[in-house]
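Undergrad: Quick one: the structure is below, questions incoming.
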Amino acid sequence: MITASLNHLKAAGLRLPHLAARSIIPILGISLFLLVWQIVAANIDTSLGKFPGPSQVWQQTKALADEHVQQRAKAAKFYQRQEERNAKKLAQDPNATIKMRAYTGKPTFWDQILTSLITVMFGFALASCVAIPLGIICGLSERIYEAVNPIIQVLKPVSPLAWLPLVTMVVSAVYVSDDPLFEKSFLNSAFTVALCCLWPTVINTTVGVSSIDKDLVDVGRVIKLPPSTHVAKIVLPSSIPLIFTGLRLSLATGWMVLIAAEMLAQNPGLGKFIWDEFQNGSSNSLSRIMVAVLTIGLIGFLLDRTMLVIQRRISWDKQAVLR
Amino acid sequence: MQHFLDISQISKTFNTATGTYEALQNVDLKIQQGEFVSLIGHSGCGKSTVLNLIAGLLDVTTGGIFLDGKQIDEPGPDRAVVFQNHALMPWLSVYDNIGLAVRAVFKKTKNRAEMDAWIMHNLELVNMTHAKNKMPNEISGGMKQRVGIARALAMQPKLLLMDEPFGALDALTRAQLQDSTMEIHRELGNTVIMITHDVDEAVLLSDRIVMMSNGPAATVGQVVDVNLPRPRNRLALAEDAQFNHCRRLVLDFLYAAHTPAEPQNSEVADLKASRPEAA
Ligand SMILES: Nc1ncnc2c1ncn2[C@@H]1O[C@H](COP(=O)(O)OP(=O)(O)OP(=O)(O)O)[C@@H](O)[C@H]1O
Ligand SMILES: [Mg+2]
């Protein structure tokens with residue numbers, strides 16, 4: 001027991017200086033950044049007051065968290081009251097029709113984060129379901145690639161915001177349902193994200209599939225693998241790294257696009273939060289926008305790391321260095 | 001008389017960016033069942049092209065190739081290929097690499113247990129049962145090549161095609177694999193066509209050595225019959241007059257008569273380096 005913990009300590013002791021040495025430089029970098037931010041911010045005057053420094057932003061972060069807690073408490077109280085009312089009604093008259101109303105408070109910062117996350121995931125998943133098979137087909141067949149490539153090359157540089165009005169009109173025209181599963185605004189954002197997520201995945205998958213080692217393809221031809229097995233056993237495993245490169249680029253693009261689309265279309269999400277704060281124009285607005293900006297960056301980073309973890313899980317090449 | 005493998009007056013022309021390139025012209029070769037034939041020739045003369053044509057991985061431009069009287073028009077497991085760089089799927093274990101081939105080739109004729117037994121049998125043939133669960137990047141180059149050979153043998157091919165199978169290995173490993181190949185050939189009696197740059201290897205393993213002239217429009221230059229009794233022992237043969245005679249014939253052909261106009265230094269060095277075989 002004692003030896004075990006001693007060994008443990010020794011191991012930790014051996015690792016600790018290493019870890020400390022490795023984190024010194026990033027910590028220095030961040031400190032320097034905060035310092036520069038503080039100095040620069042103090043020298044920028046806007047119509048909404050001074051540009052927020054790190055401390056104001058930190059305050060607003062806490063404020064936004066508090067608001068969220070308060071809203072949740074309010075909602076809980078609302079539902080409790082409603083239940084009590086209904087229970088009373090039922091006690092007086094067992095046949096009474098009772099109504100359940102949803103709480104309609106203003107969405108908090110955390111709600112907006114969640115909305116944006118769900119939207120980007122949905123759009124990204126939708127795009128990937130199209131892009132990976134399309135990329136595989138283009139990579140396998142030179143002819144199809146030649147037919148599809150010009151279209152990809154022209155559509156790829158199109159700004160997502162150019163798509164937005166078209167997507168909005170098409171969704172309102174086509175998606176008519178009395179009991180909609182999704183909000184229209186959600187679909188607008190998600191489709192816009194999807195349209196922009198397509199290209200990096202298609203292109204990278206195509207490159208990955210068409211650059212499979214020729215010998216491996218020949219092995220497949222000699223043993224006469226049926227096309228489906230060929231794709232599953234040879235094509236997919238060998239193009240996994242490039243497929244993931246594409247997916248990560250797509251997700252990063254999608255996340256950037258989503259914020260812009262939400263701002264422009266006033267669809268719920270982090271983009272709308274920023275826009276609302278901008279319109280609001282209170283003395284705290286800039287700090288709150290800054291919170292949102294940092295959050296967007298952090299989430300983008302976490303999304304990329306998540307993809308990396310998934311790639312490590314799926315990839316057969318455990319020794320590959322992924323960054 | 002019908003030949004087992006009949007390569008009948010074939011030519012092969014490639015379409016390249018700068019026009020057409022006639023790689024092979026009038027290649028004619030008959031091979032009997034159970035024969036071990038080596039193809040030797042300078043780099044770029046078209047040996048791999050011949051092998052790929054037999055494998056069906058390339059199409060002939062004119063002429064035809066017949067195996068057992070049937071014309072070859074597509075690749076198939078009856079003509080298994082051993083690649084120079086093993087061509088194992090890096091994401092499949094040794095066992096699964098062979099399993100991929102076995103499952104594809106015998107899906108209608110063998111059940112699960114039989115397939116498993118067959119995979120293990122072929123691993124045993126190349127002495128690789130101990131590494132069946134290893135991944136290709138966890139085993140040495142020689143072991144990978146053994147697995148590549150096991151995979152080819154597991155297809156139960158009529159014809160085994162080997163493209164410089166030992167070219168990427170060090171001399172000692174090469175000698176071991178040559179011995180294994182001879183043993184397997186004696187045991188199974190399969191028909192083998194092997195490309196090599198190594199004159200000693202060609203003489204040691206082959207019943208016949210087919211020497212190709214240089215391209216463009218390469219063709220069969222000369223054929224040497226190696227009438228050494230089997231089993232052959234590399235140490236005993238070193239002093240053997242017949243062995244050295246055959247070797248001499250091949251070297252004469254390669255150096256005297258058919259050195260390319262601009263000798264490719266690396267290639268010549270390779271041929272020389274491979275002469276003193278591991279003792
Ligand atoms: N797909 C192709 N397109 C155009 N030319 C080709 C093609 N494949 C081979 N060639 C040409 O045909 C000739 C013969 O090539 P091949 O690969 O058969 O030579 P090789 O004898 O196997 O050489 P090495 O000993 O270096 O492997 C070469 O000049 C090569 O450039
Ligand atoms: Mg070759």
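If you're wondering about the labels, chains in the structure tokens are A, B, ... by order shown, residues count from 1 in each chain, ligands from 1 in order shown.
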Can you tell me which residues surround Leu161 (chain B) at a distance of at most 8 Å, considering only C-alpha atoms, apart from same-chain residues fewer than 4 positions away, and format the answer as a ChimeraX atom specification?
TA: /B:51,55,79-82,192-194
Undergrad: Write out as a PyMOL selection string all residues of region 38-208 of chain B that DSSP puts in helix (DSSP H, G or I) for this structure's backbone.
TA: chain B and resi 47-55+94-105+112-125+129-131+136-138+141-154+171-188+199-205
Undergrad: With only C-alpha atoms considered, list every residue of chain A at most 7 Å from chain B, as a list of chain:residue names.
TA: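 Contact residues on the first chain: A:Asp215, A:Leu216, A:Arg221, A:Val222, A:Ile223, A:Lys224, A:Leu225, A:Pro237, A:Trp316.
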Undergrad: Do a neighbour search on Val226 (chain B) at 12 Å with only C-alpha atoms, toss out local chain neighbours closer than 4 positions, and write the hits as a PDB file with N, CA and C atoms, in the first residue's frame.
TA:
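selection.pdb, freshly written:
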ATOM      1  N   GLU B  35       5.706 -25.999 -63.396  1.00  0.00           N
ATOM      2  CA  GLU B  35       6.999 -25.399 -63.686  1.00  0.00           C
ATOM      3  C   GLU B  35       7.256 -24.168 -62.818  1.00  0.00           C
ATOM      4  N   PHE B  36       8.513 -23.922 -62.524  1.00  0.00           N
ATOM      5  CA  PHE B  36       8.901 -22.689 -61.840  1.00  0.00           C
ATOM      6  C   PHE B  36       9.711 -21.880 -62.843  1.00  0.00           C
ATOM      7  N   VAL B  37       9.153 -20.751 -63.277  1.00  0.00           N
ATOM      8  CA  VAL B  37       9.795 -19.952 -64.320  1.00  0.00           C
ATOM      9  C   VAL B  37      10.165 -18.584 -63.763  1.00  0.00           C
ATOM     10  N   SER B  38      11.395 -18.154 -64.017  1.00  0.00           N
ATOM     11  CA  SER B  38      11.795 -16.810 -63.622  1.00  0.00           C
ATOM     12  C   SER B  38      11.850 -15.905 -64.832  1.00  0.00           C
ATOM     13  N   ASP B 200      21.410 -15.281 -58.992  1.00  0.00           N
ATOM     14  CA  ASP B 200      21.518 -16.499 -58.184  1.00  0.00           C
ATOM     15  C   ASP B 200      20.153 -17.031 -57.799  1.00  0.00           C
ATOM     16  N   ALA B 202      17.398 -16.612 -59.416  1.00  0.00           N
ATOM     17  CA  ALA B 202      16.763 -17.176 -60.601  1.00  0.00           C
ATOM     18  C   ALA B 202      17.260 -18.601 -60.835  1.00  0.00           C
ATOM     19  N   VAL B 203      18.571 -18.783 -60.770  1.00  0.00           N
ATOM     20  CA  VAL B 203      19.122 -20.106 -61.064  1.00  0.00           C
ATOM     21  C   VAL B 203      18.740 -21.108 -59.972  1.00  0.00           C
ATOM     22  N   LEU B 204      18.802 -20.651 -58.751  1.00  0.00           N
ATOM     23  CA  LEU B 204      18.527 -21.547 -57.628  1.00  0.00           C
ATOM     24  C   LEU B 204      17.084 -22.066 -57.647  1.00  0.00           C
ATOM     25  N   LEU B 205      16.143 -21.182 -57.968  1.00  0.00           N
ATOM     26  CA  LEU B 205      14.733 -21.553 -57.820  1.00  0.00           C
ATOM     27  C   LEU B 205      14.106 -22.140 -59.077  1.00  0.00           C
ATOM     28  N   SER B 206      14.628 -21.767 -60.255  1.00  0.00           N
ATOM     29  CA  SER B 206      13.833 -21.989 -61.459  1.00  0.00           C
ATOM     30  C   SER B 206      14.099 -23.313 -62.159  1.00  0.00           C
ATOM     31  N   ASP B 207      13.099 -23.733 -62.908  1.00  0.00           N
ATOM     32  CA  ASP B 207      13.284 -24.773 -63.909  1.00  0.00           C
ATOM     33  C   ASP B 207      13.713 -24.140 -65.226  1.00  0.00           C
ATOM     34  N   ARG B 208      13.214 -22.940 -65.452  1.00  0.00           N
ATOM     35  CA  ARG B 208      13.570 -22.205 -66.660  1.00  0.00           C
ATOM     36  C   ARG B 208      13.734 -20.732 -66.318  1.00  0.00           C
ATOM     37  N   ILE B 209      14.674 -20.094 -66.987  1.00  0.00           N
ATOM     38  CA  ILE B 209      14.848 -18.662 -66.807  1.00  0.00           C
ATOM     39  C   ILE B 209      14.573 -17.987 -68.144  1.00  0.00           C
ATOM     40  N   VAL B 210      13.604 -17.084 -68.123  1.00  0.00           N
ATOM     41  CA  VAL B 210      13.258 -16.364 -69.348  1.00  0.00           C
ATOM     42  C   VAL B 210      13.889 -14.985 -69.270  1.00  0.00           C
ATOM     43  N   ARG B 230      16.294 -31.516 -57.887  1.00  0.00           N
ATOM     44  CA  ARG B 230      15.702 -30.973 -56.669  1.00  0.00           C
ATOM     45  C   ARG B 230      15.621 -32.073 -55.628  1.00  0.00           C
ATOM     46  N   ARG B 232      17.216 -28.610 -54.024  1.00  0.00           N
ATOM     47  CA  ARG B 232      18.495 -27.951 -54.262  1.00  0.00           C
ATOM     48  C   ARG B 232      19.015 -27.337 -52.971  1.00  0.00           C
ATOM     49  N   ALA B 241      29.129 -27.142 -61.259  1.00  0.00           N
ATOM     50  CA  ALA B 241      29.481 -26.642 -62.590  1.00  0.00           C
ATOM     51  C   ALA B 241      28.241 -26.224 -63.371  1.00  0.00           C
ATOM     52  N   GLN B 242      27.207 -27.046 -63.277  1.00  0.00           N
ATOM     53  CA  GLN B 242      25.969 -26.768 -64.004  1.00  0.00           C
ATOM     54  C   GLN B 242      25.353 -25.448 -63.524  1.00  0.00           C
ATOM     55  N   PHE B 243      25.350 -25.293 -62.212  1.00  0.00           N
ATOM     56  CA  PHE B 243      24.808 -24.072 -61.614  1.00  0.00           C
ATOM     57  C   PHE B 243      25.562 -22.855 -62.136  1.00  0.00           C
ATOM     58  N   ASN B 244      26.893 -22.950 -62.090  1.00  0.00           N
ATOM     59  CA  ASN B 244      27.685 -21.803 -62.522  1.00  0.00           C
ATOM     60  C   ASN B 244      27.579 -21.553 -64.013  1.00  0.00           C
ATOM     61  N   HIS B 245      27.353 -22.612 -64.749  1.00  0.00           N
ATOM     62  CA  HIS B 245      27.163 -22.464 -66.192  1.00  0.00           C
ATOM     63  C   HIS B 245      25.885 -21.662 -66.472  1.00  0.00           C
ATOM     64  N   CYS B 246      24.829 -22.049 -65.804  1.00  0.00           N
ATOM     65  CA  CYS B 246      23.555 -21.339 -65.992  1.00  0.00           C
ATOM     66  C   CYS B 246      23.706 -19.870 -65.603  1.00  0.00           C
ATOM     67  N   ARG B 247      24.376 -19.674 -64.519  1.00  0.00           N
ATOM     68  CA  ARG B 247      24.576 -18.333 -64.012  1.00  0.00           C
ATOM     69  C   ARG B 247      25.336 -17.500 -65.031  1.00  0.00           C
ATOM     70  N   ARG B 248      26.326 -18.113 -65.578  1.00  0.00           N
ATOM     71  CA  ARG B 248      27.160 -17.485 -66.586  1.00  0.00           C
ATOM     72  C   ARG B 248      26.312 -17.054 -67.789  1.00  0.00           C
ATOM     73  N   LEU B 249      25.448 -17.970 -68.219  1.00  0.00           N
ATOM     74  CA  LEU B 249      24.598 -17.681 -69.379  1.00  0.00           C
ATOM     75  C   LEU B 249      23.735 -16.448 -69.127  1.00  0.00           C
ATOM     76  N   VAL B 250      23.172 -16.404 -67.951  1.00  0.00           N
ATOM     77  CA  VAL B 250      22.280 -15.281 -67.629  1.00  0.00           C
ATOM     78  C   VAL B 250      23.075 -13.987 -67.566  1.00  0.00           C
TER      79      VAL B 250
END
Undergrad: Under the rule that only C-alpha atoms are counted, which of B:Met120, B:Leu177, B:Val126, B:Val220 is the nearest residue to Gly142 (chain B)?
TA: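 Smallest separation from Gly142 (chain B) among the options: B:Leu177.
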Undergrad: Of the candidates B:Leu169, B:Leu159, B:Ile195, B:Leu125, which one gets nearest to ligand 2 if we count only C-alpha atoms and all ligand atoms?
TA: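 Counting only C-alpha atoms and all ligand atoms, the residue closest to ligand 2 is B:Ile195.
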Undergrad: So, with only C-alpha atoms as the atoms that count, which of A:Ala125, A:Val291, A:Cys197, A:Leu35 lies closest to Ala63 (chain A)?
TA: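 For Ala63 (chain A), the nearest of the given residues is A:Val291.
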Undergrad: May I ask which of the residues A:Lys88, A:Val293, A:Ser228, A:Lys214 is the closest one to ligand 1, counting only C-alpha atoms and all ligand atoms?
TA: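 Between A:Lys88, A:Val293, A:Ser228, A:Lys214, the residue approaching ligand 1 most closely is A:Lys214.
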